[in-house]
Protein chains: 2
Amino acid sequence: MSGTISEATLSEFDRDTAVRLREPGVHDTHLSPGWAIGHALNGGYLLATVGRALGETLPHSDPFTITAHYLSATVPGPAVIRSETVRTGRTLSTGSASLLQAGADGREIERIRVLASYGDLDTVDGDIRTSAEPPAMPPREQCFSAKDNPAGPDAGPEMGKRLDLRLDPATCGWAVGAPSGRGEMRAWFGLADGRDADPLSLLMAVDALPPTAFELGLTGWVPTVELTVHVRARPAPGPLRVSVTTANLAGGFLEEDVEIWDSAGRLVTQSRQLARAKLGEPSGQGFGAGD
Amino acid sequence: MSGTISEATLSEFDRDTAVRLREPGVHDTHLSPGWAIGHALNGGYLLATVGRALGETLPHSDPFTITAHYLSATVPGPAVIRSETVRTGRTLSTGSASLLQAGADGREIERIRVLASYGDLDTVDGDIRTSAEPPAMPPREQCFSAKDNPAGPDAGPEMGKRLDLRLDPATCGWAVGAPSGRGEMRAWFGLADGRDADPLSLLMAVDALPPTAFELGLTGWVPTVELTVHVRARPAPGPLRVSVTTANLAGGFLEEDVEIWDSAGRLVTQSRQLARAKLGEPSGQGFGAGD
């Protein structure tokens with residue numbers, strides 16, 4: 001909602017994560033129904049929106065490590081983000097933020113609590129010693145997009161229309177009733193309107209693929225309890241590769257570990273979330289850590 | 001500091017992480033120099049202490065997912081923990097906490113900010129589908145303990161005396177000037193006084209091994225910026241196996257991914273921390289996210 005850029009030139013992602021300063025530490029935003037999965041707004045979309053407000057509050061603008069706890073179901077419409085600067089330093093600054101919405105009685109209800117340290121990705125040194133390997137995936141043109149959905153090109157979640165997602169066929173068995181049994185999901189990732197990735201869109205991308213639980217043969221709802229994202233480098237333009245793995249489904253919870261690789265072959269993001277495996281409940285019903 | 005247990009019967013860990021309620025949401029503690037590494041108190045020890053206060057504040061007692069951001073160097077001596085209940089739910093409750101110490105002018109300085117969701121590990125269901133494998137390690141008697149330290153049995157950090165740590169020889173090359181070049185560290189883990197593990201001691205155990213950076217050939221100080229721990233099950237009595245891996249040393253930062261397996265072969269904890277690789281600075285000099 002910057003006054004210097006007209007809304008028409010903004011990407012869907014920038015428009016829908018825009019925040020407007022009301023007073024120091026308080027931003028208003030309008031959450032778009034375009035990022036819904038079932039009845040719930042995507043947790044990554046919400047994290048990116050809060051992350052934008054925090055970046056405008058802290059003296060550093062790039063999220064280096066950001067954690068969100070999801071407290072109650074966020075709905076499309078107005079929301080307020082209240083940020084607190086915890087500490088400012090030369091290299092990193094730490095802040096906390098809350099996303100709140102008015103309840104039926106007008107009182108604010110907290111939806112998400114965030115804790116993060118921000119820095120400047122342009123100042124990190126160039127020394128790279130990554131032993132991780134990019135995920136082995138077929139080229140984009142051999143992967144599945146929304147238009148290949150056996151239920152029809154518009155059958156997927158609303159959020160899918162904002163994305164250019166190409167799923168690795170090896171992790172798509174769930175879509176035709178034949179899950180692999182392995183906790184893996186892989187995709188080429190971009191935004192549908194062609195906007196290139198940046199640190200804020202990476203906060204959304206880590207939570208944008210179908211849940212690994214689908215490939216584990218689970219059909220229930222997998223609400224995020226907590227999501228932590230490390231942004232390790234500014235991504236190069238072009239399509240991203242996203243790999244999600246789950247190794248420990250136990251006790252009604254599971255983790256999703258995500259790596260995002262950019263077009264230059266660099267590991268730009270690592271994330272992990274703890275989610276509840278609410279087996280048997282339809283997607284989008286029920287939400288939040290404490291339900 | 002419970003009045004019903006005499007100090008003499010407490011383990012070192014329980015005594016040194018004890019907290020005393022001053023008023024609702026405020027606990028006093030006395031941080032022990034016994035958990036120092038160089039000049040700094042171990043981040044896992046501090047997290048366990050804050051975690052104990054949060055567990056006494058929230059209606060649930062077990063940390064399911066807990067994140068700490070390390071803000072400034074904590075010193076042995078008195079500290080106060082201020083906790084806030086963010087949300088209470090049936091299955092999980094979410095809270096935030098700060099560890100503070102008085103500065104030279106008497107004003108409180110924040111050392112650590114924590115955000116966590118707590119539950120009850122006794123109520124999680126028993127369904128386990130873990131595809132991860134325990135780390136391949138030699139038996140305990142073939143691993144290296146502090147008494148094998150080529151620099152002498154008392155040459156290691158003060159914290160080492162609180163632990164019964166048996167390092168896998170395959171990840172000990174650094175100790176004799178021949179690091180493997182792989183970002184791996186593995187050990188059998190126990191407390192020196194024989195106290196069995198519980199969810200709080202797991203919060204310390206994830207940060208108790210020598211840094212993987214040593215095996216990568218780095219000799220500098222590796223201060224933690226942020227540490228997130230998922231406790232997935234109550235550990236069985238007996239020695240734990242701890243595996244730490246680093247895949248992405250880049251831009252002056254690295255991640256440490258930890259798995260802890262209990263004596264029953266169950267993956268009880270997963271954690272990840274983001275740390276700074278302050279190459280060339282001696283251990284214990286400099287600290288904190290923003291220095």
# chains A, B, ... in the order shown; residues from 1 in each chain; ligands from 1
call {"tool": "residues_around", "arguments": {"residues": "Tyr45 (chain B)", "least_positions_apart": "3", "cutoff": "9 Å", "atoms": "only C-alpha atoms", "output": "PyMOL selection string"}}
result
chain B and resi 13+16-17+35+41-42+48-50+201+203-205+207-208
call {"tool": "select_by_dssp", "arguments": {"residues": "region 136-235 of chain B", "states": "helix (DSSP H, G or I)", "output": "MDAnalysis selection string"}}
result
chainID B and resid 140:142 146:148 158:162 169:171 173:176 199:205 212:215
call {"tool": "closest_residue", "arguments": {"among": "B:Arg266, B:Gly238, B:Val225, B:Phe64", "to": "Thr94 (chain A)", "atoms": "only C-alpha atoms"}}
result
B:Val225
call {"tool": "residues_around", "arguments": {"residues": "Val124 (chain B)", "least_positions_apart": "4", "cutoff": "8 Å", "atoms": "only C-alpha atoms", "output": "PyMOL selection string"}}
result
(chain A and resi 251-252) or (chain B and resi 120)
call {"tool": "write_last_selection", "arguments": {"atoms": "all heavy atoms", "output": "CSV table (one decimal), in the first residue's frame"}}
result
chain,number,residue,atom,x,y,z
A,251,GLY,N,2.5,-39.9,17.7
A,251,GLY,CA,1.8,-39.2,18.8
A,251,GLY,C,0.8,-38.2,18.3
A,251,GLY,O,0.4,-37.3,19.0
A,252,GLY,N,0.3,-38.3,17.1
A,252,GLY,CA,-0.7,-37.3,16.6
A,252,GLY,C,0.0,-36.0,16.0
A,252,GLY,O,-0.8,-35.1,15.7
B,120,ASP,N,0.8,-32.1,27.0
B,120,ASP,CA,1.0,-33.2,28.0
B,120,ASP,C,1.4,-34.4,27.2
B,120,ASP,O,0.6,-35.0,26.5
B,120,ASP,CB,-0.3,-33.4,28.8
B,120,ASP,CG,-0.2,-34.5,29.8
B,120,ASP,OD1,0.9,-35.2,29.8
B,120,ASP,OD2,-1.1,-34.7,30.6
call {"tool": "residues_around", "arguments": {"residues": "Asp127 (chain A)", "least_positions_apart": "2", "cutoff": "12 Å", "atoms": "only C-alpha atoms", "output": "JSON, numbers by chain"}}
result
{"A": [123, 124, 125, 129, 130, 233], "B": [248, 249, 250, 251, 252, 253, 254, 277, 279]}
call {"tool": "write_last_selection", "arguments": {"atoms": "all heavy atoms", "output": "compact mmCIF listing (two decimals), in the first residue's frame"}}
result
# COMPACT_ATOMS: atom_id res chain seq x y z
N THR A 123 24.54 -8.18 3.02
CA THR A 123 25.82 -7.99 3.72
C THR A 123 26.47 -9.29 4.16
O THR A 123 27.57 -9.27 4.68
CB THR A 123 25.63 -7.12 4.98
OG1 THR A 123 24.82 -7.83 5.92
CG2 THR A 123 24.98 -5.79 4.63
N VAL A 124 25.77 -10.45 3.99
CA VAL A 124 26.38 -11.70 4.43
C VAL A 124 27.54 -12.04 3.50
O VAL A 124 27.52 -11.72 2.31
CB VAL A 124 25.37 -12.87 4.49
CG1 VAL A 124 24.26 -12.55 5.48
CG2 VAL A 124 24.82 -13.19 3.13
N ASP A 125 28.56 -12.68 4.07
CA ASP A 125 29.73 -12.95 3.24
C ASP A 125 29.44 -14.07 2.24
O ASP A 125 28.46 -14.81 2.37
CB ASP A 125 30.96 -13.23 4.09
CG ASP A 125 30.97 -14.61 4.72
OD1 ASP A 125 30.68 -15.60 4.01
OD2 ASP A 125 31.29 -14.71 5.91
N ARG A 129 29.68 -23.31 1.93
CA ARG A 129 30.11 -24.71 2.02
C ARG A 129 28.88 -25.56 2.29
O ARG A 129 28.64 -25.99 3.41
CB ARG A 129 31.10 -24.90 3.17
CG ARG A 129 32.34 -24.03 3.08
CD ARG A 129 33.39 -24.55 4.03
NE ARG A 129 34.18 -23.46 4.57
CZ ARG A 129 35.13 -23.63 5.49
NH1 ARG A 129 35.37 -24.85 5.97
NH2 ARG A 129 35.81 -22.61 5.95
N THR A 130 28.06 -25.73 1.27
CA THR A 130 26.83 -26.50 1.41
C THR A 130 27.07 -27.93 0.96
O THR A 130 27.46 -28.17 -0.17
CB THR A 130 25.70 -25.89 0.55
OG1 THR A 130 25.51 -24.54 0.94
CG2 THR A 130 24.42 -26.66 0.72
N ALA A 233 19.72 -16.93 1.98
CA ALA A 233 20.27 -16.13 0.88
C ALA A 233 19.11 -15.51 0.10
O ALA A 233 18.00 -16.04 0.10
CB ALA A 233 21.12 -16.99 -0.05
N ASN B 248 24.60 -26.75 5.69
CA ASN B 248 24.62 -25.47 4.98
C ASN B 248 25.38 -24.40 5.78
O ASN B 248 24.78 -23.60 6.49
CB ASN B 248 23.18 -25.01 4.70
CG ASN B 248 23.11 -23.86 3.72
OD1 ASN B 248 23.97 -23.71 2.85
ND2 ASN B 248 22.08 -23.04 3.85
N LEU B 249 26.70 -24.43 5.66
CA LEU B 249 27.54 -23.35 6.21
C LEU B 249 27.70 -22.34 5.08
O LEU B 249 28.35 -22.62 4.07
CB LEU B 249 28.89 -23.92 6.64
CG LEU B 249 30.01 -22.91 6.93
CD1 LEU B 249 29.64 -21.98 8.07
CD2 LEU B 249 31.32 -23.64 7.24
N ALA B 250 27.07 -21.17 5.25
CA ALA B 250 27.07 -20.20 4.15
C ALA B 250 26.77 -18.81 4.68
O ALA B 250 25.96 -18.66 5.61
CB ALA B 250 26.02 -20.59 3.10
N GLY B 251 27.42 -17.83 4.11
CA GLY B 251 27.13 -16.45 4.45
C GLY B 251 27.41 -16.10 5.90
O GLY B 251 26.83 -15.16 6.45
N GLY B 252 28.31 -16.85 6.54
CA GLY B 252 28.64 -16.55 7.93
C GLY B 252 27.68 -17.15 8.94
O GLY B 252 27.76 -16.84 10.14
N PHE B 253 26.77 -18.00 8.48
CA PHE B 253 25.82 -18.67 9.38
C PHE B 253 25.81 -20.18 9.05
O PHE B 253 26.20 -20.59 7.96
CB PHE B 253 24.40 -18.12 9.19
CG PHE B 253 24.23 -16.71 9.69
CD1 PHE B 253 24.60 -15.63 8.88
CD2 PHE B 253 23.71 -16.45 10.94
CE1 PHE B 253 24.45 -14.32 9.34
CE2 PHE B 253 23.56 -15.14 11.40
CZ PHE B 253 23.93 -14.08 10.60
N LEU B 254 25.37 -20.96 10.02
CA LEU B 254 25.17 -22.38 9.77
C LEU B 254 24.01 -22.87 10.62
O LEU B 254 23.65 -22.26 11.63
CB LEU B 254 26.45 -23.18 10.10
CG LEU B 254 27.06 -23.07 11.49
CD1 LEU B 254 26.37 -23.99 12.48
CD2 LEU B 254 28.54 -23.40 11.44
N ALA B 277 28.84 -18.25 12.43
CA ALA B 277 30.21 -18.78 12.37
C ALA B 277 31.15 -17.59 12.44
O ALA B 277 31.44 -16.94 11.44
CB ALA B 277 30.40 -19.57 11.06
N LEU B 279 34.31 -16.83 12.57
CA LEU B 279 35.58 -17.50 12.31
C LEU B 279 36.74 -16.69 12.88
O LEU B 279 36.82 -15.48 12.71
CB LEU B 279 35.75 -17.73 10.81
CG LEU B 279 34.54 -18.40 10.16
CD1 LEU B 279 34.80 -18.71 8.71
CD2 LEU B 279 34.14 -19.65 10.91
call {"tool": "closest_residue", "arguments": {"among": "A:Gly119, A:Gly152, A:Gly194, A:Pro211", "to": "Arg234 (chain A)", "atoms": "only C-alpha atoms"}}
result
A:Gly119
call {"tool": "closest_residue", "arguments": {"among": "A:Asp148, A:Glu84, A:Asp196, A:Glu158", "to": "Arg113 (chain A)", "atoms": "only C-alpha atoms"}}
result
A:Glu84
